[in-house]
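This report concerns only the one structure given below.
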Amino acid sequence: MQRDFIRSLEKAIGVEKVSTRWIDRLALSSDASFYSLVPVCIVRPTSVDDVASLLRLAGEHRLPLTFRAAGTSLSGQAISDSVLVDISRSFRDVQILDEGRRIRLQPGVTGQRANDHLRRYGRKIGPDPASIQAAMLGGILANNSSGMCCGVTQNAYHTLDAMTIVLPDGSRFNTETAADAGRFRYEHASLYNGLLEIRSRILTDEAIRDRIREKYRIKNTVGYAMNAFLDFDRPLDILAHLMIGSEGTLGFIADATLRTVPASKH
């Protein structure tokens, strides 16, 4: 099955983007943690189309994927004994919006580079992990990184303005586009209705609703962001905020627009 997958993938995205060489696999068998897993292959997509093809083929062959950005994780989130998808060499576009009040980033951009672009506006991104000089937005968003300063109000979840999501079947949706919100409803009716059903159950259960509100007043990055079901009513917005902290289990973050915060001089 793995050989068939690799051959199909090479045909779909290019031989040069797939490696089964032992030295390449060993080089990415560890992240910043003390864990080690040797992947069966390394994939380096260079476009969202590549990622969509990869997700579709992995689903067809029932092979799990692990996305890796900078690999600064201390807990082993960026390693795999299956297919490791290294996006650190691509997905580096940066776009400044609204005179620095917002910034659109692809997942291969480091947090420091984002802040370097924003410095002239006196702004910065809200998340400030200790590894911000190396950590990339893919990992910062997927882990809902916060760091020592931004607390629970300026983290990745609370500063997210928009997102482009690639789902496991390869379909993609941009939360800023009204047409995509409608398309999501019809193309993924089961997921769309499932999100609304969960939200309805939470809203009608006072004990659960109050518990979620209480838990997310404090720093909480364990598990899915269940507060998304209280903070948003549109399924695509709920899904986008569930992506924050999901550690790559729900889909691929192709880009994200963040609201920036003032960069204090002292």
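Just remember, in the structure tokens the first chain shown is A, the second B, etc., residues are 1-based per chain, and ligands are 1-based in the order shown.
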
Output as a Markdown table one row per residue of segment 87-145 of chain A within 12 Å of segment 154-165 of chain A: the closest atom pair and its distance in Å to one decimal place, counting only C-alpha atoms, sorted by chain and residue number ascending.
```
| residue | atom | partner | partner_atom | distance |
| --- | --- | --- | --- | --- |
| A:Leu97 | CA | A:Asp161 | CA | 11.6 |
| A:Arg101 | CA | A:Thr159 | CA | 10.8 |
| A:Arg102 | CA | A:Asp161 | CA | 8.2 |
| A:Ile103 | CA | A:Asp161 | CA | 9.3 |
| A:Arg104 | CA | A:Ala162 | CA | 8.6 |
| A:Leu105 | CA | A:Met163 | CA | 9.5 |
| A:Gln106 | CA | A:Thr164 | CA | 9.5 |
| A:Pro107 | CA | A:Thr164 | CA | 10.9 |
| A:Gly111 | CA | A:Ala156 | CA | 11.4 |
| A:Lys124 | CA | A:Gln154 | CA | 10.7 |
| A:Ile125 | CA | A:Thr159 | CA | 8.2 |
| A:Gly126 | CA | A:Gln154 | CA | 4.8 |
| A:Pro127 | CA | A:Asn155 | CA | 4.8 |
| A:Asp128 | CA | A:Asn155 | CA | 8.0 |
| A:Pro129 | CA | A:Asn155 | CA | 9.7 |
| A:Leu137 | CA | A:Ala156 | CA | 9.4 |
| A:Gly138 | CA | A:Ala156 | CA | 10.8 |
| A:Gly139 | CA | A:Ala156 | CA | 10.5 |
| A:Ile140 | CA | A:Ala156 | CA | 7.3 |
| A:Leu141 | CA | A:Ala156 | CA | 5.8 |
| A:Ala142 | CA | A:Ala156 | CA | 8.9 |
| A:Asn143 | CA | A:Ala156 | CA | 8.7 |
| A:Asn144 | CA | A:Ala156 | CA | 5.3 |
| A:Ser145 | CA | A:Ala156 | CA | 6.4 |
```

May I have the residues from that selection written out with N, CA and C atoms, as a PDB file, in the first residue's frame?
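Contents of the output file selection-v1.pdb:
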```
ATOM      1  N   LEU A  97      -2.120  44.007   5.772  1.00  0.00           N
ATOM      2  CA  LEU A  97      -3.443  44.541   5.485  1.00  0.00           C
ATOM      3  C   LEU A  97      -3.778  45.668   6.473  1.00  0.00           C
ATOM      4  N   ARG A 101      -2.802  46.555  10.733  1.00  0.00           N
ATOM      5  CA  ARG A 101      -3.760  46.095  11.750  1.00  0.00           C
ATOM      6  C   ARG A 101      -4.133  44.635  11.557  1.00  0.00           C
ATOM      7  N   ARG A 102      -3.892  44.128  10.335  1.00  0.00           N
ATOM      8  CA  ARG A 102      -4.076  42.695  10.064  1.00  0.00           C
ATOM      9  C   ARG A 102      -2.912  42.217   9.202  1.00  0.00           C
ATOM     10  N   ILE A 103      -2.656  40.922   9.268  1.00  0.00           N
ATOM     11  CA  ILE A 103      -1.593  40.344   8.464  1.00  0.00           C
ATOM     12  C   ILE A 103      -2.021  38.954   7.999  1.00  0.00           C
ATOM     13  N   ARG A 104      -1.842  38.697   6.700  1.00  0.00           N
ATOM     14  CA  ARG A 104      -2.183  37.384   6.146  1.00  0.00           C
ATOM     15  C   ARG A 104      -0.890  36.603   5.963  1.00  0.00           C
ATOM     16  N   LEU A 105      -0.869  35.382   6.504  1.00  0.00           N
ATOM     17  CA  LEU A 105       0.352  34.590   6.553  1.00  0.00           C
ATOM     18  C   LEU A 105       0.116  33.166   6.094  1.00  0.00           C
ATOM     19  N   GLN A 106       1.094  32.615   5.396  1.00  0.00           N
ATOM     20  CA  GLN A 106       1.076  31.187   5.103  1.00  0.00           C
ATOM     21  C   GLN A 106       1.818  30.444   6.211  1.00  0.00           C
ATOM     22  N   PRO A 107       1.632  29.144   6.321  1.00  0.00           N
ATOM     23  CA  PRO A 107       2.137  28.412   7.488  1.00  0.00           C
ATOM     24  C   PRO A 107       3.647  28.258   7.574  1.00  0.00           C
ATOM     25  N   GLY A 111       7.297  33.269  13.128  1.00  0.00           N
ATOM     26  CA  GLY A 111       6.687  34.340  13.906  1.00  0.00           C
ATOM     27  C   GLY A 111       7.546  35.590  13.903  1.00  0.00           C
ATOM     28  N   LYS A 124       2.550  43.886  16.099  1.00  0.00           N
ATOM     29  CA  LYS A 124       3.108  42.530  16.113  1.00  0.00           C
ATOM     30  C   LYS A 124       1.953  41.551  16.156  1.00  0.00           C
ATOM     31  N   ILE A 125       2.237  40.259  15.922  1.00  0.00           N
ATOM     32  CA  ILE A 125       1.204  39.247  16.080  1.00  0.00           C
ATOM     33  C   ILE A 125       1.011  38.993  17.568  1.00  0.00           C
ATOM     34  N   GLY A 126      -0.181  38.539  17.947  1.00  0.00           N
ATOM     35  CA  GLY A 126      -0.468  38.311  19.361  1.00  0.00           C
ATOM     36  C   GLY A 126       0.316  37.162  19.970  1.00  0.00           C
ATOM     37  N   PRO A 127       0.325  35.975  19.342  1.00  0.00           N
ATOM     38  CA  PRO A 127       1.064  34.849  19.922  1.00  0.00           C
ATOM     39  C   PRO A 127       2.550  35.167  20.059  1.00  0.00           C
ATOM     40  N   ASP A 128       3.142  34.807  21.191  1.00  0.00           N
ATOM     41  CA  ASP A 128       4.569  35.082  21.380  1.00  0.00           C
ATOM     42  C   ASP A 128       5.264  33.895  22.058  1.00  0.00           C
ATOM     43  N   PRO A 129       5.284  32.737  21.393  1.00  0.00           N
ATOM     44  CA  PRO A 129       5.969  31.582  21.984  1.00  0.00           C
ATOM     45  C   PRO A 129       7.450  31.858  22.181  1.00  0.00           C
ATOM     46  N   LEU A 137       4.187  29.771  11.545  1.00  0.00           N
ATOM     47  CA  LEU A 137       2.769  29.998  11.808  1.00  0.00           C
ATOM     48  C   LEU A 137       1.950  28.726  11.766  1.00  0.00           C
ATOM     49  N   GLY A 138       2.356  27.749  10.936  1.00  0.00           N
ATOM     50  CA  GLY A 138       1.621  26.489  10.902  1.00  0.00           C
ATOM     51  C   GLY A 138       1.558  25.854  12.272  1.00  0.00           C
ATOM     52  N   GLY A 139       2.701  25.786  12.950  1.00  0.00           N
ATOM     53  CA  GLY A 139       2.744  25.214  14.288  1.00  0.00           C
ATOM     54  C   GLY A 139       2.153  26.125  15.338  1.00  0.00           C
ATOM     55  N   ILE A 140       2.383  27.437  15.202  1.00  0.00           N
ATOM     56  CA  ILE A 140       1.838  28.391  16.161  1.00  0.00           C
ATOM     57  C   ILE A 140       0.315  28.306  16.190  1.00  0.00           C
ATOM     58  N   LEU A 141      -0.299  28.209  15.002  1.00  0.00           N
ATOM     59  CA  LEU A 141      -1.759  28.127  14.930  1.00  0.00           C
ATOM     60  C   LEU A 141      -2.256  26.753  15.353  1.00  0.00           C
ATOM     61  N   ALA A 142      -1.604  25.706  14.871  1.00  0.00           N
ATOM     62  CA  ALA A 142      -2.069  24.347  15.153  1.00  0.00           C
ATOM     63  C   ALA A 142      -1.958  23.990  16.624  1.00  0.00           C
ATOM     64  N   ASN A 143      -1.081  24.695  17.349  1.00  0.00           N
ATOM     65  CA  ASN A 143      -0.926  24.441  18.778  1.00  0.00           C
ATOM     66  C   ASN A 143      -1.529  25.538  19.644  1.00  0.00           C
ATOM     67  N   ASN A 144      -2.175  26.536  19.004  1.00  0.00           N
ATOM     68  CA  ASN A 144      -2.719  27.689  19.727  1.00  0.00           C
ATOM     69  C   ASN A 144      -1.668  28.274  20.663  1.00  0.00           C
ATOM     70  N   SER A 145      -0.488  28.520  20.107  1.00  0.00           N
ATOM     71  CA  SER A 145       0.614  29.032  20.917  1.00  0.00           C
ATOM     72  C   SER A 145       0.260  30.387  21.510  1.00  0.00           C
TER      73      SER A 145
END
```

* Just list the residues in segment 42-257 of chain A DSSP gives strand (DSSP E) on the backbone, as a PyMOL selection string. => chain A and resi 42-43+65-68+83-86+94-97+102-105+123-124+160-166+172-174+252-257

* **segment 76-80 of chain A surroundings by only C-alpha atoms, 6 Å radius, close-in-sequence under 4 positions cut, as a ChimeraX atom specification** => /A:33,35,37,39,68,71,84

Could you save the residues just selected, with C-alpha atoms, as a compact mmCIF listing (two decimals), in the first residue's frame?
```txt
# COMPACT_ATOMS: atom_id res chain seq x y z
CA SER A 33 11.50 17.00 21.89
CA TYR A 35 11.03 11.60 20.96
CA LEU A 37 9.96 8.26 14.93
CA PRO A 39 8.69 8.31 8.75
CA ARG A 68 5.62 19.70 10.16
CA GLY A 71 9.65 21.33 14.30
CA LEU A 84 5.69 13.36 7.26
```

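Excluding Asn220 of chain A and any residue on its chain fewer than 3 positions from it, the residues at most 10 Å away by only C-alpha atoms are A:Asn144, A:Val152, A:Lys215, A:Tyr216, A:Arg217, A:Gly223, A:Tyr224, A:Ala225, A:Gly245.
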
* To do: Could you give me, as a PyMOL selection string, the residues within 10 Å of segment 188-191 of chain A, counting only C-alpha atoms and dropping anything in the same chain fewer than 4 positions from it?
  => chain A and resi 171+183-184+195-197+235-236+239

* Counting only C-alpha atoms, what is within 9 Å of Val38 of chain A, bar same-chain residues fewer than 2 positions away, as a ChimeraX atom specification? -> /A:22,25-30,36,40-41,79-82

Dump of N, CA and C atoms for the selected residues, as a CSV table (one decimal), in the first residue's frame:
```
chain,number,residue,atom,x,y,z
A,22,TRP,N,16.8,7.1,3.2
A,22,TRP,CA,17.0,6.9,4.6
A,22,TRP,C,17.5,8.2,5.3
A,25,ARG,N,14.8,10.7,5.8
A,25,ARG,CA,13.8,10.3,6.8
A,25,ARG,C,14.4,10.4,8.2
A,26,LEU,N,15.7,10.0,8.4
A,26,LEU,CA,16.3,10.0,9.7
A,26,LEU,C,16.5,11.5,10.1
A,27,ALA,N,16.8,12.4,9.2
A,27,ALA,CA,17.0,13.8,9.6
A,27,ALA,C,15.8,14.4,10.2
A,28,LEU,N,14.6,14.0,9.8
A,28,LEU,CA,13.3,14.5,10.3
A,28,LEU,C,12.6,13.5,11.2
A,29,SER,N,13.4,12.6,11.8
A,29,SER,CA,12.8,11.7,12.7
A,29,SER,C,12.6,12.2,14.1
A,30,SER,N,13.2,13.4,14.4
A,30,SER,CA,13.0,14.1,15.7
A,30,SER,C,12.6,15.5,15.5
A,36,SER,N,11.5,10.2,19.0
A,36,SER,CA,12.0,9.9,17.7
A,36,SER,C,11.1,8.9,17.0
A,40,VAL,N,7.9,6.9,6.9
A,40,VAL,CA,8.1,6.0,5.7
A,40,VAL,C,8.5,6.9,4.5
A,41,CYS,N,8.1,8.2,4.5
A,41,CYS,CA,8.5,9.0,3.4
A,41,CYS,C,8.4,10.5,3.9
A,79,ILE,N,6.5,14.8,14.5
A,79,ILE,CA,7.2,13.6,14.1
A,79,ILE,C,6.1,12.5,13.7
A,80,SER,N,6.6,11.5,12.9
A,80,SER,CA,5.6,10.5,12.5
A,80,SER,C,6.3,9.3,12.0
A,81,ASP,N,5.7,8.1,12.2
A,81,ASP,CA,6.2,6.9,11.6
A,81,ASP,C,5.4,6.5,10.4
A,82,SER,N,4.7,7.5,9.9
A,82,SER,CA,3.9,7.3,8.6
A,82,SER,C,4.4,8.3,7.6
```

* Could you tell me which of A:Ala240, A:Met148, A:Ile253, A:Ile218 comes closest to Ala130 of chain A if we count only C-alpha atoms? => A:Met148

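Compared by their closest atoms to Arg62 of chain A, and using only C-alpha atoms, the residues A:Asp4, A:Asp255, A:Asp231, A:Glu214 rank with A:Asp4 nearest.
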
* How many Å lie between atom CA of Glu176 of chain A and atom CA of Ala254 of chain A, rounded to one decimal? -> 13.5 Å

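The nearest approach to Pro168 of chain A among the residues A:Ile42, A:Ala58, A:Arg7, A:Ala12, with only C-alpha atoms taken into account, belongs to A:Ala58.
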
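The closest residue to Arg56 of chain A, picked from A:Gly251, A:Gly194, A:Gly170, A:Gly182 and counting only C-alpha atoms, is A:Gly170.
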
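For the set A:Asp237, A:Arg209, A:Ile198, A:Ile244, the residue with the smallest atom-to-atom gap to Thr221 of chain A is A:Ile244, counting only C-alpha atoms.
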
* Asked: What is the distance, in Å and to one decimal place, between atom CA of Ile212 of chain A and atom CA of Pro262 of chain A?
  -> 29.0 Å

* Rounded to one decimal in Å, what is the spacing between atom CA of Thr260 of chain A and atom CA of Thr110 of chain A? -> 15.1 Å

* Compare A:Val51, A:Ala69, A:Ala134, A:Val43 by their minimum atom-to-atom distance to Gly108 of chain A, counting only C-alpha atoms, and give me the closest one. => A:Ala69

Would you please extract all helix (DSSP H, G or I) residues from segment 38-134 of chain A, as assigned by DSSP on the backbone, and give them as a PDB file with N, CA, C and O atoms, in the first residue's frame?
```
ATOM      1  N   VAL A  48      -0.906  24.756  -2.534  1.00  0.00           N
ATOM      2  CA  VAL A  48      -2.128  24.217  -1.935  1.00  0.00           C
ATOM      3  C   VAL A  48      -2.669  23.072  -2.782  1.00  0.00           C
ATOM      4  O   VAL A  48      -3.229  22.109  -2.249  1.00  0.00           O
ATOM      5  N   ASP A  49      -2.481  23.140  -4.096  1.00  0.00           N
ATOM      6  CA  ASP A  49      -2.895  22.035  -4.968  1.00  0.00           C
ATOM      7  C   ASP A  49      -2.151  20.758  -4.608  1.00  0.00           C
ATOM      8  O   ASP A  49      -2.736  19.666  -4.606  1.00  0.00           O
ATOM      9  N   ASP A  50      -0.855  20.879  -4.305  1.00  0.00           N
ATOM     10  CA  ASP A  50      -0.071  19.712  -3.879  1.00  0.00           C
ATOM     11  C   ASP A  50      -0.661  19.110  -2.607  1.00  0.00           C
ATOM     12  O   ASP A  50      -0.801  17.889  -2.474  1.00  0.00           O
ATOM     13  N   VAL A  51      -0.985  19.975  -1.662  1.00  0.00           N
ATOM     14  CA  VAL A  51      -1.532  19.503  -0.385  1.00  0.00           C
ATOM     15  C   VAL A  51      -2.874  18.812  -0.603  1.00  0.00           C
ATOM     16  O   VAL A  51      -3.148  17.763  -0.014  1.00  0.00           O
ATOM     17  N   ALA A  52      -3.718  19.390  -1.456  1.00  0.00           N
ATOM     18  CA  ALA A  52      -5.025  18.789  -1.737  1.00  0.00           C
ATOM     19  C   ALA A  52      -4.853  17.400  -2.342  1.00  0.00           C
ATOM     20  O   ALA A  52      -5.548  16.449  -1.946  1.00  0.00           O
ATOM     21  N   SER A  53      -3.933  17.249  -3.289  1.00  0.00           N
ATOM     22  CA  SER A  53      -3.672  15.934  -3.896  1.00  0.00           C
ATOM     23  C   SER A  53      -3.145  14.960  -2.864  1.00  0.00           C
ATOM     24  O   SER A  53      -3.551  13.789  -2.823  1.00  0.00           O
ATOM     25  N   LEU A  54      -2.246  15.438  -2.018  1.00  0.00           N
ATOM     26  CA  LEU A  54      -1.680  14.598  -0.967  1.00  0.00           C
ATOM     27  C   LEU A  54      -2.754  14.102  -0.013  1.00  0.00           C
ATOM     28  O   LEU A  54      -2.798  12.904   0.334  1.00  0.00           O
ATOM     29  N   LEU A  55      -3.637  14.987   0.418  1.00  0.00           N
ATOM     30  CA  LEU A  55      -4.699  14.600   1.346  1.00  0.00           C
ATOM     31  C   LEU A  55      -5.639  13.574   0.723  1.00  0.00           C
ATOM     32  O   LEU A  55      -6.026  12.592   1.366  1.00  0.00           O
ATOM     33  N   ARG A  56      -5.998  13.802  -0.536  1.00  0.00           N
ATOM     34  CA  ARG A  56      -6.896  12.854  -1.208  1.00  0.00           C
ATOM     35  C   ARG A  56      -6.260  11.472  -1.319  1.00  0.00           C
ATOM     36  O   ARG A  56      -6.899  10.459  -1.027  1.00  0.00           O
ATOM     37  N   LEU A  57      -5.014  11.420  -1.729  1.00  0.00           N
ATOM     38  CA  LEU A  57      -4.336  10.127  -1.904  1.00  0.00           C
ATOM     39  C   LEU A  57      -4.113   9.433  -0.568  1.00  0.00           C
ATOM     40  O   LEU A  57      -4.267   8.211  -0.466  1.00  0.00           O
ATOM     41  N   ALA A  58      -3.767  10.190   0.459  1.00  0.00           N
ATOM     42  CA  ALA A  58      -3.578   9.589   1.778  1.00  0.00           C
ATOM     43  C   ALA A  58      -4.889   8.989   2.284  1.00  0.00           C
ATOM     44  O   ALA A  58      -4.895   7.915   2.904  1.00  0.00           O
ATOM     45  N   GLY A  59      -5.997   9.682   2.002  1.00  0.00           N
ATOM     46  CA  GLY A  59      -7.298   9.142   2.388  1.00  0.00           C
ATOM     47  C   GLY A  59      -7.632   7.871   1.645  1.00  0.00           C
ATOM     48  O   GLY A  59      -8.125   6.899   2.234  1.00  0.00           O
ATOM     49  N   GLU A  60      -7.361   7.867   0.353  1.00  0.00           N
ATOM     50  CA  GLU A  60      -7.634   6.670  -0.456  1.00  0.00           C
ATOM     51  C   GLU A  60      -6.818   5.476   0.018  1.00  0.00           C
ATOM     52  O   GLU A  60      -7.302   4.341   0.014  1.00  0.00           O
ATOM     53  N   HIS A  61      -5.572   5.716   0.425  1.00  0.00           N
ATOM     54  CA  HIS A  61      -4.692   4.631   0.860  1.00  0.00           C
ATOM     55  C   HIS A  61      -4.715   4.425   2.368  1.00  0.00           C
ATOM     56  O   HIS A  61      -3.975   3.579   2.891  1.00  0.00           O
ATOM     57  N   ASP A  98      -4.583  46.616   6.007  1.00  0.00           N
ATOM     58  CA  ASP A  98      -5.103  47.680   6.881  1.00  0.00           C
ATOM     59  C   ASP A  98      -4.000  48.385   7.674  1.00  0.00           C
ATOM     60  O   ASP A  98      -4.110  48.560   8.894  1.00  0.00           O
ATOM     61  N   GLU A  99      -2.944  48.771   6.971  1.00  0.00           N
ATOM     62  CA  GLU A  99      -1.844  49.518   7.614  1.00  0.00           C
ATOM     63  C   GLU A  99      -1.287  48.755   8.828  1.00  0.00           C
ATOM     64  O   GLU A  99      -0.936  49.363   9.849  1.00  0.00           O
ATOM     65  N   GLY A 100      -1.191  47.445   8.699  1.00  0.00           N
ATOM     66  CA  GLY A 100      -0.587  46.640   9.747  1.00  0.00           C
ATOM     67  C   GLY A 100      -1.536  46.159  10.819  1.00  0.00           C
ATOM     68  O   GLY A 100      -1.129  45.428  11.729  1.00  0.00           O
ATOM     69  N   GLY A 111       7.297  33.269  13.128  1.00  0.00           N
ATOM     70  CA  GLY A 111       6.687  34.340  13.906  1.00  0.00           C
ATOM     71  C   GLY A 111       7.546  35.590  13.903  1.00  0.00           C
ATOM     72  O   GLY A 111       7.032  36.712  13.843  1.00  0.00           O
ATOM     73  N   GLN A 112       8.868  35.417  13.949  1.00  0.00           N
ATOM     74  CA  GLN A 112       9.764  36.565  13.947  1.00  0.00           C
ATOM     75  C   GLN A 112       9.682  37.335  12.633  1.00  0.00           C
ATOM     76  O   GLN A 112       9.681  38.566  12.618  1.00  0.00           O
ATOM     77  N   ARG A 113       9.593  36.600  11.502  1.00  0.00           N
ATOM     78  CA  ARG A 113       9.496  37.276  10.209  1.00  0.00           C
ATOM     79  C   ARG A 113       8.190  38.058  10.119  1.00  0.00           C
ATOM     80  O   ARG A 113       8.158  39.175   9.579  1.00  0.00           O
ATOM     81  N   ALA A 114       7.118  37.501  10.646  1.00  0.00           N
ATOM     82  CA  ALA A 114       5.849  38.227  10.666  1.00  0.00           C
ATOM     83  C   ALA A 114       6.001  39.529  11.440  1.00  0.00           C
ATOM     84  O   ALA A 114       5.574  40.604  10.993  1.00  0.00           O
ATOM     85  N   ASN A 115       6.651  39.462  12.606  1.00  0.00           N
ATOM     86  CA  ASN A 115       6.848  40.668  13.418  1.00  0.00           C
ATOM     87  C   ASN A 115       7.798  41.652  12.754  1.00  0.00           C
ATOM     88  O   ASN A 115       7.650  42.870  12.911  1.00  0.00           O
ATOM     89  N   ASP A 116       8.786  41.130  12.021  1.00  0.00           N
ATOM     90  CA  ASP A 116       9.696  42.021  11.291  1.00  0.00           C
ATOM     91  C   ASP A 116       8.927  42.850  10.255  1.00  0.00           C
ATOM     92  O   ASP A 116       9.192  44.042  10.080  1.00  0.00           O
ATOM     93  N   HIS A 117       7.966  42.219   9.583  1.00  0.00           N
ATOM     94  CA  HIS A 117       7.151  42.928   8.600  1.00  0.00           C
ATOM     95  C   HIS A 117       6.266  43.981   9.268  1.00  0.00           C
ATOM     96  O   HIS A 117       5.952  45.015   8.666  1.00  0.00           O
ATOM     97  N   LEU A 118       5.860  43.714  10.503  1.00  0.00           N
ATOM     98  CA  LEU A 118       4.924  44.601  11.198  1.00  0.00           C
ATOM     99  C   LEU A 118       5.602  45.715  11.984  1.00  0.00           C
ATOM    100  O   LEU A 118       4.937  46.665  12.421  1.00  0.00           O
ATOM    101  N   ARG A 119       6.924  45.618  12.165  1.00  0.00           N
ATOM    102  CA  ARG A 119       7.622  46.552  13.044  1.00  0.00           C
ATOM    103  C   ARG A 119       7.431  48.006  12.616  1.00  0.00           C
ATOM    104  O   ARG A 119       7.239  48.900  13.452  1.00  0.00           O
ATOM    105  N   ARG A 120       7.461  48.269  11.330  1.00  0.00           N
ATOM    106  CA  ARG A 120       7.339  49.653  10.835  1.00  0.00           C
ATOM    107  C   ARG A 120       5.981  50.263  11.180  1.00  0.00           C
ATOM    108  O   ARG A 120       5.825  51.486  11.196  1.00  0.00           O
ATOM    109  N   TYR A 121       4.986  49.407  11.471  1.00  0.00           N
ATOM    110  CA  TYR A 121       3.648  49.888  11.818  1.00  0.00           C
ATOM    111  C   TYR A 121       3.446  49.951  13.339  1.00  0.00           C
ATOM    112  O   TYR A 121       2.365  50.319  13.805  1.00  0.00           O
TER     113      TYR A 121
END
```
